[in-house]
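These notes concern the structure reproduced below.
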Amino acid sequence: MWYALFKYVLLGPLLRLLGRPDVTGLEHIPRTGPVIIAANHLAMIDSLYLALVVPRRVTFLAKQEYFTGKGVRGRFNRWFYSVSGQVPVDRTGGEAAAAALAAATRILEDGGVWAIHPEGTRSPDGRIYRGRTGAVRVAMATGAPVVPVTLSGTDRVNPRGSRLLRFAEVRIEFAAPRRYPPAEQRQTVRAATDELMRELAARSGRCYVDRYAATFSGVISRR
């Protein structure tokens, strides 16, 4: 109930007013069955715009800190992410990464839509950075198709360091699904992930940077 309320009443109309999203390629999202959405990451509100325009319910793996904060803001974050159906994960790597992979797999085994930003963090300068391998690894394990998605303009609606939202045109393009056969070799997973990120860069007209945007381990990361 809350997911629909946020999407259609509380947040959706405001996001549409601010960003006037221009969306192409939605036909590439299967009407039923598991699917992985892999998108570049420019702003905190990227996930909100993806949930807004995708006709199916979208689930993200939200960092655990959103569910454990203190004070009024911490309680609000915990309530918001819980009622919107997001799944808390530990981003410290190691066993936590395996737990996050398992959580994503469960979403897909239930026939759901799992969305992820493979870069693991927001781009510091608009370029597209090396991706973490989680999306491809889960796709190989579950057989779920991966739909590459490029976002632009969200960083102008929600500039880094600003608490105020602004008017700007948001563009979201969904590409044809990709399928990845099972593979055990790390180099195969790494190569497939690099290819995915280069495709996002090419489709968005942005430069690709072959290094991670941050030094910490992202969700479900493995080099």
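So you can find residues: chains in the structure tokens are A, B, ... in the order shown, residues in each start at 1, and ligands are numbered from 1 in order.
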Could you list, as a CSV table (one decimal) with all heavy atoms, in the first residue's frame, every residue within 12 Å of Gly25 of chain A, counting only C-alpha atoms and ignoring same-chain residues fewer than 5 positions away?
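Contents of selection_5.csv, as written:
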chain,number,residue,atom,x,y,z
A,30,PRO,N,10.1,-6.9,-18.9
A,30,PRO,CA,9.1,-7.9,-18.9
A,30,PRO,C,7.9,-7.6,-18.0
A,30,PRO,O,8.1,-7.1,-16.9
A,30,PRO,CB,9.9,-9.2,-18.5
A,30,PRO,CG,11.3,-8.8,-18.6
A,30,PRO,CD,11.5,-7.4,-18.4
A,53,VAL,N,9.0,5.4,-12.9
A,53,VAL,CA,8.6,5.1,-14.3
A,53,VAL,C,8.4,3.6,-14.6
A,53,VAL,O,7.8,3.3,-15.6
A,53,VAL,CB,9.7,5.7,-15.2
A,53,VAL,CG1,9.8,7.2,-14.9
A,53,VAL,CG2,11.0,5.0,-15.0
A,54,VAL,N,9.0,2.7,-13.8
A,54,VAL,CA,8.9,1.3,-14.1
A,54,VAL,C,7.5,0.9,-13.6
A,54,VAL,O,7.1,1.1,-12.5
A,54,VAL,CB,10.0,0.5,-13.4
A,54,VAL,CG1,9.7,-1.0,-13.5
A,54,VAL,CG2,11.3,0.8,-13.9
A,147,VAL,N,18.5,-5.6,-17.7
A,147,VAL,CA,18.1,-4.4,-18.6
A,147,VAL,C,19.0,-3.2,-18.2
A,147,VAL,O,18.9,-2.7,-17.1
A,147,VAL,CB,16.7,-4.1,-18.3
A,147,VAL,CG1,16.3,-2.8,-19.2
A,147,VAL,CG2,15.7,-5.2,-18.7
A,148,PRO,N,19.9,-2.9,-19.2
A,148,PRO,CA,20.8,-1.7,-18.9
A,148,PRO,C,19.9,-0.4,-19.0
A,148,PRO,O,19.1,-0.3,-19.9
A,148,PRO,CB,21.8,-1.7,-20.1
A,148,PRO,CG,21.7,-3.1,-20.6
A,148,PRO,CD,20.3,-3.5,-20.4
A,149,VAL,N,20.2,0.5,-18.1
A,149,VAL,CA,19.4,1.8,-18.0
A,149,VAL,C,20.3,2.9,-17.8
A,149,VAL,O,21.2,2.9,-17.0
A,149,VAL,CB,18.4,1.7,-16.8
A,149,VAL,CG1,17.6,3.0,-16.8
A,149,VAL,CG2,17.5,0.5,-16.9
A,150,THR,N,20.1,4.0,-18.6
A,150,THR,CA,20.9,5.2,-18.5
A,150,THR,C,20.0,6.3,-18.0
A,150,THR,O,18.9,6.5,-18.5
A,150,THR,CB,21.5,5.6,-19.9
A,150,THR,OG1,20.5,5.7,-20.9
A,150,THR,CG2,22.6,4.6,-20.3
A,171,ARG,N,16.0,12.3,-18.2
A,171,ARG,CA,15.9,11.3,-19.3
A,171,ARG,C,16.3,10.0,-18.8
A,171,ARG,O,17.3,9.8,-18.2
A,171,ARG,CB,16.7,11.7,-20.5
A,171,ARG,CG,16.2,13.0,-21.2
A,171,ARG,CD,17.0,13.3,-22.4
A,171,ARG,NE,16.5,14.6,-23.1
A,171,ARG,CZ,17.0,15.1,-24.2
A,171,ARG,NH1,18.1,14.4,-24.8
A,171,ARG,NH2,16.5,16.2,-24.7
A,172,ILE,N,15.4,9.0,-19.1
A,172,ILE,CA,15.7,7.6,-18.7
A,172,ILE,C,15.5,6.7,-19.9
A,172,ILE,O,14.4,6.7,-20.5
A,172,ILE,CB,14.7,7.2,-17.6
A,172,ILE,CG1,14.8,8.2,-16.4
A,172,ILE,CG2,15.1,5.8,-17.1
A,172,ILE,CD1,13.8,8.0,-15.3
A,173,GLU,N,16.5,5.9,-20.3
A,173,GLU,CA,16.5,5.1,-21.4
A,173,GLU,C,16.7,3.6,-21.0
A,173,GLU,O,17.7,3.3,-20.4
A,173,GLU,CB,17.5,5.5,-22.5
A,173,GLU,CG,17.5,4.5,-23.7
A,173,GLU,CD,18.5,4.9,-24.7
A,173,GLU,OE1,19.2,5.9,-24.5
A,173,GLU,OE2,18.7,4.1,-25.7
A,174,PHE,N,15.8,2.7,-21.3
A,174,PHE,CA,15.9,1.3,-21.0
A,174,PHE,C,16.3,0.6,-22.3
A,174,PHE,O,15.7,0.8,-23.4
A,174,PHE,CB,14.5,0.7,-20.6
A,174,PHE,CG,14.1,1.3,-19.2
A,174,PHE,CD1,13.5,2.5,-19.2
A,174,PHE,CD2,14.3,0.6,-18.1
A,174,PHE,CE1,13.0,3.1,-18.0
A,174,PHE,CE2,13.9,1.1,-16.8
A,174,PHE,CZ,13.2,2.4,-16.8
A,175,ALA,N,17.4,-0.2,-22.2
A,175,ALA,CA,17.9,-0.9,-23.4
A,175,ALA,C,17.3,-2.3,-23.4
A,175,ALA,O,16.7,-2.8,-22.4
A,175,ALA,CB,19.4,-0.9,-23.4
A,176,ALA,N,17.6,-3.1,-24.5
A,176,ALA,CA,17.2,-4.4,-24.6
A,176,ALA,C,17.8,-5.3,-23.6
A,176,ALA,O,19.0,-5.1,-23.2
A,176,ALA,CB,17.5,-5.0,-26.0
A,177,PRO,N,17.1,-6.3,-23.0
A,177,PRO,CA,17.7,-7.2,-22.0
A,177,PRO,C,18.9,-7.9,-22.4
A,177,PRO,O,19.1,-8.3,-23.6
A,177,PRO,CB,16.6,-8.1,-21.6
A,177,PRO,CG,15.3,-7.5,-22.2
A,177,PRO,CD,15.7,-6.7,-23.3
- Item | Who sits within 12 Å of Tyr49 of chain A, only C-alpha atoms, same chain under 2 positions skipped, as a ChimeraX atom specification | /A:6-7,11-23,39,41-47,51-55,58,115,149-155,157-158,169-173
Write the residues you've just listed into a file as a compact mmCIF listing (two decimals), in the first residue's frame, and include C-alpha atoms for each of them.
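Listing of out.txt after writing:
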# COMPACT_ATOMS: atom_id res chain seq x y z
CA PHE A 6 4.43 7.18 -2.42
CA LYS A 7 4.55 6.48 -6.16
CA LEU A 11 6.25 11.66 -4.13
CA GLY A 12 5.46 10.71 -7.71
CA PRO A 13 3.60 13.88 -8.74
CA LEU A 14 6.39 16.07 -7.31
CA LEU A 15 9.08 14.10 -9.14
CA ARG A 16 7.16 14.34 -12.40
CA LEU A 17 6.73 18.09 -11.94
CA LEU A 18 10.41 18.66 -11.18
CA GLY A 19 11.97 16.33 -13.74
CA ARG A 20 9.33 15.95 -16.46
CA PRO A 21 10.87 12.51 -17.17
CA ASP A 22 11.34 11.59 -20.81
CA VAL A 23 11.30 7.78 -20.83
CA ALA A 39 21.59 1.77 -14.08
CA HIS A 41 24.21 6.50 -10.67
CA LEU A 42 24.19 10.31 -10.63
CA ALA A 43 22.05 11.38 -7.67
CA MET A 44 20.34 10.20 -4.51
CA ILE A 45 16.96 10.37 -6.25
CA ASP A 46 17.91 7.98 -9.09
CA SER A 47 16.15 5.13 -7.32
CA ALA A 51 10.56 3.30 -9.19
CA LEU A 52 8.38 6.08 -10.60
CA VAL A 53 8.62 5.10 -14.26
CA VAL A 54 8.88 1.29 -14.09
CA PRO A 55 5.31 -0.09 -14.15
CA VAL A 58 11.05 -2.22 -7.93
CA ALA A 115 17.40 -2.64 -9.37
CA VAL A 149 19.37 1.76 -18.00
CA THR A 150 20.89 5.21 -18.52
CA LEU A 151 19.83 8.19 -16.44
CA SER A 152 20.57 11.84 -17.11
CA GLY A 153 19.41 15.05 -15.48
CA THR A 154 18.78 13.61 -12.02
CA ASP A 155 21.97 15.28 -10.80
CA VAL A 157 17.23 17.99 -10.05
CA ASN A 158 19.15 16.79 -6.99
CA GLU A 169 14.70 17.57 -17.51
CA VAL A 170 15.28 13.94 -16.60
CA ARG A 171 15.85 11.35 -19.31
CA ILE A 172 15.69 7.61 -18.72
CA GLU A 173 16.46 5.06 -21.43
- Task: Give the strand (DSSP E) residues of chain A, as DSSP finds them on the backbone, and put them as a PyMOL selection string.
- Result: chain A and resi 22-24+35-39+58-59+61-63+87-89+113-116+128-129+146-152+171-174+208-209
- Find the residues around Ala139 of chain A up to 9 Å (only C-alpha atoms counted), leave out those fewer than 2 positions away in its own chain, and share them as a ChimeraX atom specification. /A:35-36,105,134-137,141-146,179-182
Those residues you just picked out, can you put them in a file as a PDB file, in the first residue's frame with C-alpha atoms?
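Saved to part-v1.pdb:
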ATOM      1  CA  VAL A  35      14.464  -8.984 -14.089  1.00  0.00           C
ATOM      2  CA  ILE A  36      17.531  -7.001 -13.035  1.00  0.00           C
ATOM      3  CA  THR A 105      18.603 -13.830  -5.436  1.00  0.00           C
ATOM      4  CA  GLY A 134      27.167  -8.167  -8.327  1.00  0.00           C
ATOM      5  CA  ALA A 135      24.557  -7.620 -11.045  1.00  0.00           C
ATOM      6  CA  VAL A 136      26.243  -9.971 -13.511  1.00  0.00           C
ATOM      7  CA  ARG A 137      26.998 -12.572 -10.847  1.00  0.00           C
ATOM      8  CA  ALA A 141      23.238 -17.549 -10.931  1.00  0.00           C
ATOM      9  CA  THR A 142      19.508 -16.988 -11.495  1.00  0.00           C
ATOM     10  CA  GLY A 143      19.143 -16.704 -15.276  1.00  0.00           C
ATOM     11  CA  ALA A 144      17.358 -13.364 -14.832  1.00  0.00           C
ATOM     12  CA  PRO A 145      17.786 -10.902 -17.723  1.00  0.00           C
ATOM     13  CA  VAL A 146      19.650  -7.638 -17.141  1.00  0.00           C
ATOM     14  CA  ARG A 179      21.383 -12.608 -20.611  1.00  0.00           C
ATOM     15  CA  TYR A 180      24.517 -14.058 -19.102  1.00  0.00           C
ATOM     16  CA  PRO A 181      25.150 -17.821 -19.127  1.00  0.00           C
ATOM     17  CA  PRO A 182      26.599 -19.315 -15.932  1.00  0.00           C
TER      18      PRO A 182
END
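Proximity ranking of A:Asp194, A:Pro124, A:Val87, A:Arg156 relative to Ala168 of chain A places A:Arg156 first, based on only C-alpha atoms.
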- Task: Could you check which of A:Arg75, A:Arg56, A:Arg160, A:Arg106 is closest to Ser123 of chain A, using only C-alpha atoms?
- Result: A:Arg160
- Neighbour list for Arg78 of chain A as a list in words, cut-off 12 Å, only C-alpha atoms, skip fewer than 4 positions in-chain: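 Surrounding residues, per the criterion: Ala62, Lys63, Gln64, Glu65, Tyr66, Phe67, Thr68, Gly69, Lys70, Gly71, Val72, Arg73, Gly74, Ser82, Val83, Ser84, Gly85, Gln86, Val87 and Pro88 of chain A.
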Mind dumping the selected residues with N, CA, C and O atoms as a tab-separated table (two decimals), in the first residue's frame?
chain	number	residue	atom	x	y	z
A	62	ALA	N	19.04	-1.53	0.09
A	62	ALA	CA	19.44	-0.27	0.73
A	62	ALA	C	20.47	-0.55	1.81
A	62	ALA	O	20.41	-1.57	2.51
A	63	LYS	N	21.43	0.35	1.97
A	63	LYS	CA	22.47	0.12	2.96
A	63	LYS	C	21.87	0.08	4.36
A	63	LYS	O	20.93	0.80	4.68
A	64	GLN	N	22.42	-0.77	5.17
A	64	GLN	CA	21.88	-1.06	6.50
A	64	GLN	C	21.78	0.18	7.37
A	64	GLN	O	20.90	0.27	8.24
A	65	GLU	N	22.66	1.15	7.16
A	65	GLU	CA	22.66	2.36	7.97
A	65	GLU	C	21.33	3.11	7.91
A	65	GLU	O	20.96	3.81	8.85
A	66	TYR	N	20.60	2.96	6.80
A	66	TYR	CA	19.30	3.62	6.68
A	66	TYR	C	18.29	3.05	7.67
A	66	TYR	O	17.27	3.68	7.95
A	67	PHE	N	18.53	1.85	8.17
A	67	PHE	CA	17.59	1.19	9.07
A	67	PHE	C	18.03	1.25	10.52
A	67	PHE	O	17.31	0.78	11.40
A	68	THR	N	19.19	1.82	10.79
A	68	THR	CA	19.72	1.82	12.16
A	68	THR	C	20.03	3.21	12.68
A	68	THR	O	20.60	3.34	13.77
A	69	GLY	N	19.67	4.26	11.95
A	69	GLY	CA	19.97	5.61	12.37
A	69	GLY	C	19.22	6.03	13.62
A	69	GLY	O	18.19	5.45	13.99
A	70	LYS	N	19.74	7.03	14.29
A	70	LYS	CA	19.14	7.53	15.53
A	70	LYS	C	18.43	8.85	15.28
A	70	LYS	O	18.62	9.50	14.26
A	71	GLY	N	17.65	9.26	16.26
A	71	GLY	CA	16.98	10.54	16.18
A	71	GLY	C	15.80	10.54	15.23
A	71	GLY	O	15.38	9.50	14.69
A	72	VAL	N	15.26	11.74	14.99
A	72	VAL	CA	14.07	11.87	14.15
A	72	VAL	C	14.37	11.43	12.72
A	72	VAL	O	13.59	10.69	12.10
A	73	ARG	N	15.50	11.88	12.18
A	73	ARG	CA	15.85	11.52	10.81
A	73	ARG	C	16.07	10.01	10.69
A	73	ARG	O	15.65	9.39	9.71
A	74	GLY	N	16.73	9.42	11.67
A	74	GLY	CA	16.96	7.98	11.63
A	74	GLY	C	15.67	7.19	11.67
A	74	GLY	O	15.51	6.20	10.92
A	82	SER	N	11.47	0.86	5.11
A	82	SER	CA	10.76	-0.37	5.47
A	82	SER	C	9.42	-0.45	4.75
A	82	SER	O	9.10	-1.47	4.13
A	83	VAL	N	8.62	0.61	4.83
A	83	VAL	CA	7.28	0.55	4.23
A	83	VAL	C	7.33	0.55	2.71
A	83	VAL	O	6.39	0.10	2.05
A	84	SER	N	8.45	1.04	2.13
A	84	SER	CA	8.57	1.01	0.68
A	84	SER	C	9.15	-0.31	0.17
A	84	SER	O	9.39	-0.47	-1.03
A	85	GLY	N	9.38	-1.25	1.09
A	85	GLY	CA	9.77	-2.60	0.70
A	85	GLY	C	11.23	-2.79	0.36
A	85	GLY	O	11.59	-3.78	-0.27
A	86	GLN	N	12.09	-1.87	0.78
A	86	GLN	CA	13.52	-2.02	0.48
A	86	GLN	C	14.18	-2.97	1.47
A	86	GLN	O	13.73	-3.11	2.61
A	87	VAL	N	15.26	-3.61	1.03
A	87	VAL	CA	15.90	-4.66	1.81
A	87	VAL	C	17.22	-4.15	2.39
A	87	VAL	O	18.10	-3.73	1.63
A	88	PRO	N	17.40	-4.18	3.72
A	88	PRO	CA	18.66	-3.70	4.30
A	88	PRO	C	19.79	-4.69	4.08
A	88	PRO	O	19.61	-5.91	4.19
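With distances restricted to only C-alpha atoms, A:Ala38 is the closest residue to Met197 of chain A from A:Ala38, A:Val138, A:Leu101, A:Leu10.
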